[in-house]
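Heads up, the thing below is written out as structure tokens.
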Amino acid sequence: VCRELGEPESLVIEERPSPLLGPDRLRLRVRACGVNYVDALFVAGRYQIRPEPPFVPGSEIAGEVIEVGPDVRGWAVGDRAIASVGLGGFVDEAVVPAAACNPTPATVDDPRAATMGQSYSTAWFTLTRRTHVEPGEWVAALGAGGGVGLATLDVARALGARTLAVASSADKLQRCIERGVHDVVNAGYEDVKDRVRTLTGGGADVVVDPVGGALSEAGLRALREQGRLMILGFASGEIPRLPANHVLLRNRLVIGVDWGAWALSRPREQRVLWGEVADAVTAGRLDPVAPTVLPLEAAATALRDLLERRVVGKLCLVPDAAR
Ligand SMILES: NC(=O)c1ccc[n+]([C@@H]2O[C@H](COP(=O)([O-])OP(=O)(O)OC[C@H]3O[C@@H](n4cnc5c(N)ncnc54)[C@H](OP(=O)(O)O)[C@@H]3O)[C@@H](O)[C@H]2O)c1
């Protein structure tokens with residue numbers, strides 16, 4: 001529970017009675033809670049939406065249905081579900097609107113299910129809705145060792161693109177290599193613009209940017225003719241000011257991506273989008289990363305590790321009862 005906005009270490013563990021089940025809701029035995037950068041932003045009070053404490057952080061969960069509200073159709077006790085909840089995910093039992101739930105693809109275990117909803121929806125939305133990646137195009141992912149970055153590379157590969165990982169450390173790039181990326185750029189010591197242009201033979205077609213700061217301008221300038229810079233977020237903590245002359249040059253495009261707001265306001269379209277992701281996972285075209293698993297009590301450590309850039313891939317929290 002976040003009782004006051006601030007550092008992850010201020011989170012406390014509380015026992016609470018089971019919440020009542022509304023008619024349109026499902027009760028889930030939570031098997032795994034995904035940990036996302038946005039959870040740390042909520043706790044710090046640095047997200048666009050600032051909920052008043054006390055609140056429980058945690059924006060995505062995977063679990064098993066243990067009770068079904070009387071108005072709910074299509075769900076039964078024992079079904080496995082993924083839920084995108086915004087808040088309230090770091091729990092062992094959750095009551096969530098059935099509309100916020102999707103069936104867990106049969107081929108995916110709970111830790112992977114709990115960590116793929118946001119990152120894969122975001123990456124799929126970016127590359128198939130906000131732009132349309134064509135087979136053979138070069139897609140470069142900034143922050144490639146993070147959740148959105150790894151999902152972007154996987155989705156780009158599934159769409160037939162050639163992929164480039166840009167990250168700041170050798171272990172993050174090694175993970176990308178193990179997952180079959182075409183080439184890597186170490187932003188810690190290489191010139192990102194020059195390396196991307198060299199490796200792609202003139203520039204990337206698409207740069208996906210969840211990092212911001214100085215890396216965004218390098219990403220923009222690494223684009224070829226009519227290349228697209230996709231702005232997803234600012235994990236660096238710095239919102240970049242991009243020079244418009246480099247947008248004009250080569251007829252480039254800078255495109256905003258706000259999957260969260262889109263999914264909330266268009267639940268039917270999100271359901272279609274998730275169906276596409278789930279089908280691709282089931283068919284083996286997508287391969288979501290297996291996360292590092294920690295106990296639920298380690299929520300603060302998990303958020304701290306994310307903030308300090310120590311995490312390669314994804315993290316999930318597993319409640320006692322699910323271990
Ligand atoms: N627009 C949308 O629809 C949407 C959807 C989901 C997430 N997001 C946003 O995308 C961003 C990344 O999310 P994520 O889940 O991929 O997070 P993540 O797993 O923590 O990865 C973020 C990456 O950013 C890089 N980074 C650079 N400077 C950093 C800093 N000061 N602190 C932390 N990381 C830093 C790190 O890579 P290096 O160490 O290699 O630089 C890290 O791997 C977040 O801001 C999130 O809110 C946006």
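Labels used: A, B, ... for chains in the order of the structure tokens, numbers from 1 for residues in each chain, and numbers from 1 for ligands as shown.
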Got a sec to check which residues lie within 6 Å of ligand 1, using only C-alpha atoms and all ligand atoms, and send them as a compact mmCIF listing (two decimals) with all heavy atoms, in the first residue's frame?
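See selection20.txt below for the written result:
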# COMPACT_ATOMS: atom_id res chain seq x y z
N ASN A 36 5.90 -2.56 -13.47
CA ASN A 36 6.15 -1.66 -14.58
C ASN A 36 6.66 -0.31 -14.08
O ASN A 36 6.38 0.08 -12.94
CB ASN A 36 4.85 -1.44 -15.37
CG ASN A 36 4.48 -2.66 -16.19
OD1 ASN A 36 5.11 -2.94 -17.20
ND2 ASN A 36 3.51 -3.42 -15.71
N TYR A 37 7.36 0.35 -14.98
CA TYR A 37 7.91 1.67 -14.66
C TYR A 37 6.80 2.61 -14.18
O TYR A 37 6.99 3.39 -13.25
CB TYR A 37 8.60 2.23 -15.91
CG TYR A 37 9.55 3.35 -15.61
CD1 TYR A 37 10.86 3.09 -15.22
CD2 TYR A 37 9.13 4.67 -15.67
CE1 TYR A 37 11.72 4.11 -14.93
CE2 TYR A 37 9.99 5.69 -15.38
CZ TYR A 37 11.29 5.41 -15.00
OH TYR A 37 12.14 6.44 -14.71
N VAL A 38 5.63 2.48 -14.80
CA VAL A 38 4.52 3.36 -14.46
C VAL A 38 4.10 3.20 -12.99
O VAL A 38 3.65 4.15 -12.36
CB VAL A 38 3.33 3.13 -15.43
CG1 VAL A 38 2.68 1.77 -15.22
CG2 VAL A 38 2.29 4.22 -15.33
N GLN A 118 0.84 -4.98 -20.80
CA GLN A 118 1.14 -3.58 -21.14
C GLN A 118 2.21 -3.48 -22.21
O GLN A 118 2.08 -2.73 -23.18
CB GLN A 118 1.65 -2.84 -19.90
CG GLN A 118 0.54 -2.42 -18.97
CD GLN A 118 1.09 -1.62 -17.78
OE1 GLN A 118 2.14 -0.97 -17.88
NE2 GLN A 118 0.39 -1.67 -16.68
N SER A 119 3.30 -4.23 -22.01
CA SER A 119 4.44 -4.05 -22.93
C SER A 119 4.08 -4.52 -24.34
O SER A 119 4.39 -3.82 -25.33
CB SER A 119 5.67 -4.77 -22.40
OG SER A 119 5.38 -6.12 -22.13
N THR A 122 1.39 -2.25 -25.94
CA THR A 122 2.02 -0.99 -26.34
C THR A 122 2.82 -1.17 -27.63
O THR A 122 2.72 -0.37 -28.57
CB THR A 122 2.95 -0.48 -25.21
OG1 THR A 122 2.17 -0.27 -24.05
CG2 THR A 122 3.64 0.81 -25.60
N GLY A 143 16.14 1.96 -25.22
CA GLY A 143 15.78 1.29 -23.95
C GLY A 143 15.46 -0.17 -24.21
O GLY A 143 14.54 -0.74 -23.62
N GLY A 145 16.63 -3.05 -23.52
CA GLY A 145 16.67 -4.09 -22.49
C GLY A 145 15.49 -4.01 -21.54
O GLY A 145 15.32 -4.87 -20.68
N GLY A 146 14.65 -2.97 -21.67
CA GLY A 146 13.49 -2.81 -20.79
C GLY A 146 12.27 -3.52 -21.33
O GLY A 146 12.31 -4.16 -22.39
N GLY A 147 11.16 -3.40 -20.59
CA GLY A 147 9.94 -4.13 -20.95
C GLY A 147 9.40 -3.73 -22.31
O GLY A 147 9.16 -4.59 -23.17
N VAL A 148 9.23 -2.42 -22.53
CA VAL A 148 8.70 -1.97 -23.81
C VAL A 148 9.70 -2.26 -24.93
O VAL A 148 9.32 -2.67 -26.03
CB VAL A 148 8.37 -0.45 -23.75
CG1 VAL A 148 8.06 0.11 -25.12
CG2 VAL A 148 7.20 -0.21 -22.78
N GLY A 149 10.98 -2.07 -24.63
CA GLY A 149 12.01 -2.28 -25.65
C GLY A 149 12.04 -3.72 -26.15
O GLY A 149 12.02 -3.97 -27.37
N ALA A 167 20.78 0.09 -26.17
CA ALA A 167 20.70 0.08 -24.71
C ALA A 167 22.03 0.52 -24.15
O ALA A 167 23.01 0.68 -24.89
CB ALA A 167 20.33 -1.32 -24.20
N SER A 168 22.07 0.69 -22.83
CA SER A 168 23.23 1.35 -22.23
C SER A 168 24.24 0.38 -21.64
O SER A 168 25.28 0.81 -21.16
CB SER A 168 22.77 2.31 -21.14
OG SER A 168 22.22 1.54 -20.08
N SER A 169 23.92 -0.91 -21.61
CA SER A 169 24.87 -1.81 -20.97
C SER A 169 25.00 -3.11 -21.75
O SER A 169 24.08 -3.54 -22.45
CB SER A 169 24.44 -2.12 -19.54
OG SER A 169 23.29 -2.94 -19.55
N PRO A 210 11.00 4.96 -25.73
CA PRO A 210 10.38 5.10 -24.42
C PRO A 210 11.31 5.76 -23.39
O PRO A 210 10.99 5.77 -22.21
CB PRO A 210 10.11 3.63 -24.02
CG PRO A 210 11.18 2.85 -24.71
CD PRO A 210 11.73 3.67 -25.85
N VAL A 211 12.43 6.33 -23.85
CA VAL A 211 13.47 6.80 -22.93
C VAL A 211 13.52 8.32 -22.81
O VAL A 211 13.61 8.89 -21.73
CB VAL A 211 14.87 6.27 -23.35
CG1 VAL A 211 15.95 6.80 -22.42
CG2 VAL A 211 14.89 4.75 -23.35
N LEU A 232 7.15 7.36 -26.91
CA LEU A 232 6.33 6.55 -25.99
C LEU A 232 6.45 6.98 -24.54
O LEU A 232 5.53 6.75 -23.75
CB LEU A 232 6.75 5.07 -26.07
CG LEU A 232 6.05 4.23 -27.13
CD1 LEU A 232 6.53 4.60 -28.51
CD2 LEU A 232 6.32 2.77 -26.86
N GLY A 233 7.60 7.52 -24.16
CA GLY A 233 7.75 7.86 -22.75
C GLY A 233 9.13 8.40 -22.46
O GLY A 233 9.97 8.54 -23.35
N PHE A 234 9.33 8.69 -21.18
CA PHE A 234 10.52 9.43 -20.77
C PHE A 234 11.16 8.78 -19.55
O PHE A 234 11.27 9.38 -18.48
CB PHE A 234 10.12 10.89 -20.48
CG PHE A 234 9.23 11.46 -21.56
CD1 PHE A 234 7.88 11.67 -21.33
CD2 PHE A 234 9.73 11.73 -22.83
CE1 PHE A 234 7.04 12.16 -22.33
CE2 PHE A 234 8.91 12.21 -23.85
CZ PHE A 234 7.56 12.43 -23.59
N ALA A 235 11.57 7.53 -19.72
CA ALA A 235 12.15 6.80 -18.59
C ALA A 235 13.40 7.51 -18.05
O ALA A 235 13.75 7.34 -16.89
CB ALA A 235 12.49 5.37 -19.00
N SER A 236 14.04 8.31 -18.89
CA SER A 236 15.23 9.05 -18.43
C SER A 236 14.84 10.17 -17.47
O SER A 236 15.70 10.75 -16.82
CB SER A 236 15.95 9.67 -19.63
OG SER A 236 15.12 10.66 -20.22
N GLY A 237 13.56 10.49 -17.40
CA GLY A 237 13.11 11.59 -16.53
C GLY A 237 13.18 12.93 -17.24
O GLY A 237 12.82 13.96 -16.66
N VAL A 257 2.58 8.26 -29.01
CA VAL A 257 1.93 6.97 -28.71
C VAL A 257 1.45 7.01 -27.26
O VAL A 257 2.27 7.14 -26.36
CB VAL A 257 2.92 5.79 -28.88
CG1 VAL A 257 2.23 4.47 -28.55
CG2 VAL A 257 3.51 5.77 -30.29
N ASP A 258 0.15 6.93 -27.06
CA ASP A 258 -0.40 6.87 -25.69
C ASP A 258 -1.36 5.69 -25.64
O ASP A 258 -2.58 5.85 -25.70
CB ASP A 258 -1.10 8.19 -25.36
CG ASP A 258 -1.50 8.25 -23.88
OD1 ASP A 258 -1.35 7.24 -23.18
OD2 ASP A 258 -1.95 9.32 -23.45
N TRP A 259 -0.77 4.48 -25.56
CA TRP A 259 -1.59 3.28 -25.58
C TRP A 259 -2.57 3.25 -24.41
O TRP A 259 -3.74 2.89 -24.57
CB TRP A 259 -0.71 2.02 -25.56
CG TRP A 259 -1.53 0.82 -25.22
CD1 TRP A 259 -2.39 0.18 -26.04
CD2 TRP A 259 -1.63 0.19 -23.95
NE1 TRP A 259 -3.03 -0.82 -25.36
CE2 TRP A 259 -2.58 -0.85 -24.07
CE3 TRP A 259 -0.99 0.38 -22.70
CZ2 TRP A 259 -2.92 -1.68 -23.00
CZ3 TRP A 259 -1.32 -0.44 -21.65
CH2 TRP A 259 -2.28 -1.46 -21.81
N GLY A 260 -2.11 3.65 -23.20
CA GLY A 260 -2.95 3.54 -22.00
C GLY A 260 -4.26 4.29 -22.16
O GLY A 260 -5.34 3.74 -21.91
N LEU A 306 14.02 -1.11 -10.89
CA LEU A 306 13.60 -0.51 -12.17
C LEU A 306 14.11 0.92 -12.28
O LEU A 306 14.66 1.33 -13.31
CB LEU A 306 12.08 -0.48 -12.25
CG LEU A 306 11.32 -1.60 -12.93
CD1 LEU A 306 9.87 -1.18 -13.12
CD2 LEU A 306 11.90 -1.97 -14.29
N LEU A 307 13.91 1.68 -11.19
CA LEU A 307 14.31 3.09 -11.22
C LEU A 307 15.81 3.26 -11.39
O LEU A 307 16.28 4.22 -11.99
CB LEU A 307 13.86 3.79 -9.92
CG LEU A 307 12.36 4.00 -9.77
CD1 LEU A 307 12.02 4.52 -8.37
CD2 LEU A 307 11.84 4.98 -10.82
N GLU A 308 16.59 2.28 -10.86
CA GLU A 308 18.05 2.37 -10.94
C GLU A 308 18.59 1.69 -12.19
O GLU A 308 19.78 1.44 -12.29
CB GLU A 308 18.69 1.74 -9.69
CG GLU A 308 18.17 2.27 -8.35
CD GLU A 308 18.83 3.57 -7.92
OE1 GLU A 308 19.97 3.79 -8.34
OE2 GLU A 308 18.18 4.33 -7.19
N ARG A 309 17.74 1.30 -13.09
CA ARG A 309 18.13 0.71 -14.40
C ARG A 309 18.84 -0.63 -14.25
O ARG A 309 19.63 -1.00 -15.11
CB ARG A 309 19.02 1.67 -15.19
CG ARG A 309 18.33 2.95 -15.53
CD ARG A 309 19.30 4.04 -15.93
NE ARG A 309 19.79 3.93 -17.30
CZ ARG A 309 20.45 4.89 -17.90
NH1 ARG A 309 20.72 6.01 -17.26
NH2 ARG A 309 20.88 4.74 -19.13
- Task: Using DSSP on the backbone coordinates, identify the residues of region 200-280 of chain A assigned to alpha helix (DSSP H); present them as number ranges by chain.
- Result: A: 200, 214-221, 245-248, 259-265, 267-280
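Of the listed residues (A:Ala44, A:Val208, A:Ala187, A:Val65), A:Val208 comes nearest to Val155 (chain A); the distances count only C-alpha atoms.
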Fewer than 3 positions away in the same chain doesn't count, so skip those; otherwise give me all residues within 12 Å of Asp183 (chain A), counting only C-alpha atoms, as a PyMOL selection string.
chain A and resi 138-141+144+153+162-167+173-180+186+195-196+198-200
*Determine which residues of region 69-305 of chain A receive a DSSP assignment of strand (DSSP E or B), computed from the backbone, and state them as JSON, numbers by chain.*
{"A": [80, 81, 82, 83, 84, 93, 94, 95, 96, 97, 101, 102, 103, 138, 139, 140, 141, 142, 162, 163, 164, 165, 166, 167, 183, 184, 185, 186, 204, 205, 206, 207, 208, 209, 223, 224, 225, 226, 227, 228, 229, 230, 231, 253, 254, 255, 256, 292, 293, 294, 295]}
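Proximity to Leu87 (chain A) was assessed for A:Ala123, A:Ile255, A:Val56, A:Ala302 counting only C-alpha atoms; the smallest distance is recorded for A:Val56.
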**OP:** Just the residues within 8 Å of region 276-284 of chain A, please, counting only C-alpha atoms, with nothing from its chain fewer than 2 positions along; format it as a list in words.
**Re:** Pro105, Ala106, Thr107, Tyr120, Ser121, Trp124, Val272, Leu273, Trp274, Leu286, Asp287 and Pro288 of chain A
Go ahead and save the residues from that selection, with all heavy atoms, as an mmCIF file, in the first residue's frame.
data_model
loop_
_atom_site.group_PDB
_atom_site.id
_atom_site.type_symbol
_atom_site.label_atom_id
_atom_site.label_comp_id
_atom_site.auth_asym_id
_atom_site.auth_seq_id
_atom_site.Cartn_x
_atom_site.Cartn_y
_atom_site.Cartn_z
ATOM 1 N N PRO A 105 -3.351 -16.634 -22.821
ATOM 2 C CA PRO A 105 -3.047 -17.628 -23.855
ATOM 3 C C PRO A 105 -2.527 -18.920 -23.214
ATOM 4 O O PRO A 105 -1.716 -18.873 -22.279
ATOM 5 C CB PRO A 105 -1.960 -16.945 -24.701
ATOM 6 C CG PRO A 105 -2.112 -15.483 -24.438
ATOM 7 C CD PRO A 105 -2.621 -15.368 -23.027
ATOM 8 N N ALA A 106 -2.999 -20.062 -23.705
ATOM 9 C CA ALA A 106 -2.711 -21.350 -23.059
ATOM 10 C C ALA A 106 -1.209 -21.647 -22.996
ATOM 11 O O ALA A 106 -0.747 -22.352 -22.098
ATOM 12 C CB ALA A 106 -3.431 -22.465 -23.808
ATOM 13 N N THR A 107 -0.451 -21.102 -23.936
ATOM 14 C CA THR A 107 0.974 -21.434 -23.999
ATOM 15 C C THR A 107 1.830 -20.586 -23.047
ATOM 16 O O THR A 107 3.052 -20.755 -23.013
ATOM 17 C CB THR A 107 1.496 -21.206 -25.432
ATOM 18 O OG1 THR A 107 1.126 -19.879 -25.829
ATOM 19 C CG2 THR A 107 0.918 -22.212 -26.408
ATOM 20 N N TYR A 120 3.399 -5.663 -24.475
ATOM 21 C CA TYR A 120 3.067 -6.160 -25.814
ATOM 22 C C TYR A 120 1.918 -5.376 -26.449
ATOM 23 O O TYR A 120 1.937 -5.132 -27.654
ATOM 24 C CB TYR A 120 2.786 -7.672 -25.787
ATOM 25 C CG TYR A 120 4.071 -8.435 -25.930
ATOM 26 C CD1 TYR A 120 4.938 -8.576 -24.853
ATOM 27 C CD2 TYR A 120 4.480 -8.944 -27.160
ATOM 28 C CE1 TYR A 120 6.152 -9.220 -24.985
ATOM 29 C CE2 TYR A 120 5.693 -9.598 -27.305
ATOM 30 C CZ TYR A 120 6.524 -9.734 -26.213
ATOM 31 O OH TYR A 120 7.738 -10.365 -26.360
ATOM 32 N N SER A 121 0.929 -4.967 -25.638
ATOM 33 C CA SER A 121 -0.123 -4.122 -26.213
ATOM 34 C C SER A 121 0.483 -2.826 -26.739
ATOM 35 O O SER A 121 0.154 -2.366 -27.833
ATOM 36 C CB SER A 121 -1.182 -3.777 -25.160
ATOM 37 O OG SER A 121 -1.907 -4.910 -24.773
ATOM 38 N N TRP A 124 2.580 -3.543 -29.914
ATOM 39 C CA TRP A 124 1.714 -3.893 -31.054
ATOM 40 C C TRP A 124 0.963 -2.652 -31.540
ATOM 41 O O TRP A 124 0.851 -2.398 -32.743
ATOM 42 C CB TRP A 124 0.739 -5.001 -30.624
ATOM 43 C CG TRP A 124 0.091 -5.737 -31.742
ATOM 44 C CD1 TRP A 124 -1.124 -5.442 -32.305
ATOM 45 C CD2 TRP A 124 0.590 -6.884 -32.457
ATOM 46 N NE1 TRP A 124 -1.404 -6.334 -33.310
ATOM 47 C CE2 TRP A 124 -0.374 -7.233 -33.426
ATOM 48 C CE3 TRP A 124 1.761 -7.636 -32.365
ATOM 49 C CZ2 TRP A 124 -0.210 -8.306 -34.302
ATOM 50 C CZ3 TRP A 124 1.922 -8.707 -33.243
ATOM 51 C CH2 TRP A 124 0.941 -9.031 -34.193
ATOM 52 N N VAL A 272 -9.771 -6.150 -29.623
ATOM 53 C CA VAL A 272 -9.340 -6.652 -30.943
ATOM 54 C C VAL A 272 -7.812 -6.716 -30.995
ATOM 55 O O VAL A 272 -7.222 -7.714 -31.425
ATOM 56 C CB VAL A 272 -9.884 -5.743 -32.076
ATOM 57 C CG1 VAL A 272 -9.283 -6.127 -33.422
ATOM 58 C CG2 VAL A 272 -11.413 -5.808 -32.110
ATOM 59 N N LEU A 273 -7.195 -5.636 -30.517
ATOM 60 C CA LEU A 273 -5.727 -5.586 -30.532
ATOM 61 C C LEU A 273 -5.142 -6.731 -29.701
ATOM 62 O O LEU A 273 -4.227 -7.441 -30.131
ATOM 63 C CB LEU A 273 -5.257 -4.228 -29.987
ATOM 64 C CG LEU A 273 -3.744 -3.976 -29.996
ATOM 65 C CD1 LEU A 273 -3.461 -2.515 -30.351
ATOM 66 C CD2 LEU A 273 -3.096 -4.291 -28.669
ATOM 67 N N TRP A 274 -5.720 -6.943 -28.496
ATOM 68 C CA TRP A 274 -5.192 -8.008 -27.640
ATOM 69 C C TRP A 274 -5.402 -9.371 -28.298
ATOM 70 O O TRP A 274 -4.560 -10.266 -28.195
ATOM 71 C CB TRP A 274 -5.824 -7.968 -26.248
ATOM 72 C CG TRP A 274 -5.245 -9.060 -25.416
ATOM 73 C CD1 TRP A 274 -5.836 -10.235 -25.070
ATOM 74 C CD2 TRP A 274 -3.906 -9.110 -24.910
ATOM 75 N NE1 TRP A 274 -4.952 -11.014 -24.368
ATOM 76 C CE2 TRP A 274 -3.762 -10.358 -24.268
ATOM 77 C CE3 TRP A 274 -2.827 -8.237 -24.959
ATOM 78 C CZ2 TRP A 274 -2.572 -10.740 -23.661
ATOM 79 C CZ3 TRP A 274 -1.641 -8.621 -24.361
ATOM 80 C CH2 TRP A 274 -1.518 -9.852 -23.722
ATOM 81 N N LEU A 286 5.115 -14.704 -31.521
ATOM 82 C CA LEU A 286 5.675 -13.830 -30.482
ATOM 83 C C LEU A 286 6.177 -14.694 -29.333
ATOM 84 O O LEU A 286 5.594 -15.733 -29.031
ATOM 85 C CB LEU A 286 4.608 -12.855 -29.951
ATOM 86 C CG LEU A 286 4.133 -11.761 -30.893
ATOM 87 C CD1 LEU A 286 3.035 -10.930 -30.220
ATOM 88 C CD2 LEU A 286 5.277 -10.861 -31.341
ATOM 89 N N ASP A 287 7.227 -14.219 -28.684
ATOM 90 C CA ASP A 287 7.859 -15.000 -27.623
ATOM 91 C C ASP A 287 8.102 -14.083 -26.420
ATOM 92 O O ASP A 287 9.211 -13.567 -26.242
ATOM 93 C CB ASP A 287 9.186 -15.556 -28.176
ATOM 94 C CG ASP A 287 9.952 -16.324 -27.116
ATOM 95 O OD1 ASP A 287 9.325 -16.812 -26.158
ATOM 96 O OD2 ASP A 287 11.192 -16.421 -27.251
ATOM 97 N N PRO A 288 7.057 -13.851 -25.586
ATOM 98 C CA PRO A 288 7.230 -12.930 -24.453
ATOM 99 C C PRO A 288 8.323 -13.402 -23.498
ATOM 100 O O PRO A 288 8.466 -14.599 -23.243
ATOM 101 C CB PRO A 288 5.863 -12.956 -23.752
ATOM 102 C CG PRO A 288 4.912 -13.495 -24.757
ATOM 103 C CD PRO A 288 5.697 -14.391 -25.658
#
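Distance check against Glu93 (chain A) using only C-alpha atoms: of A:Ala300, A:Val311, A:Ala32, A:Val181, the minimum falls on A:Ala32.
Proximity to Thr131 (chain A) at 12 Å, evaluated using only C-alpha atoms and with sequence-adjacent residues fewer than 3 positions away removed, yields Ala123, Trp124, Phe125, Thr126, Leu127, Thr128, Glu134, Val139, Ala156, Asp205, Val206, Val207, Val208, Gln226, Gly227, Arg228, Leu229, Met230, Ile231, Leu253, Val254, Ile255, Gly256 and Val257 of chain A.
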From CA of Pro54 (chain A) to CA of Pro97 (chain A) the spacing works out at 20.8 Å
Give me the residues near Thr292 (chain A) as a short mmCIF file (atom, residue, chain, number, x, y, z; two decimals) with C-alpha atoms, in the first residue's frame, where near means some atom within 7 Å (using only C-alpha atoms) and where sequence neighbours in that chain fewer than 2 positions away do not count.
data_model
loop_
_atom_site.label_atom_id
_atom_site.label_comp_id
_atom_site.auth_asym_id
_atom_site.auth_seq_id
_atom_site.Cartn_x
_atom_site.Cartn_y
_atom_site.Cartn_z
CA ALA A 290 10.24 -14.88 -18.99
CA LEU A 294 10.28 -11.99 -6.70
CA LYS A 314 10.78 -7.81 -16.88
CA LEU A 315 10.07 -8.33 -13.17
CA CYS A 316 7.05 -9.90 -11.53
#
Of A:Leu150, A:Ala214, A:Ala299, A:Ile66, the one sitting nearest Ile13 (chain A) when using only C-alpha atoms is A:Ala299
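For the choices A:Glu225, A:Asp92, A:Glu137, A:Glu190, the atom-to-atom distance to Arg16 (chain A) is smallest for A:Asp92 when using only C-alpha atoms.
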Of A:Phe90, A:Phe42, A:Trp75, A:Tyr47, the one nearest to Pro295 (chain A) when counting only C-alpha atoms is A:Phe90
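Going from CA of Pro103 (chain A) over to CA of Glu64 (chain A), you cover 9.9 Å.
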Q. Neighbours of Pro57 (chain A) within 8 Å (only C-alpha atoms; same-chain residues fewer than 4 positions away dropped), as a PyMOL selection string?
A. chain A and resi 1-2+39+42-43+86-90
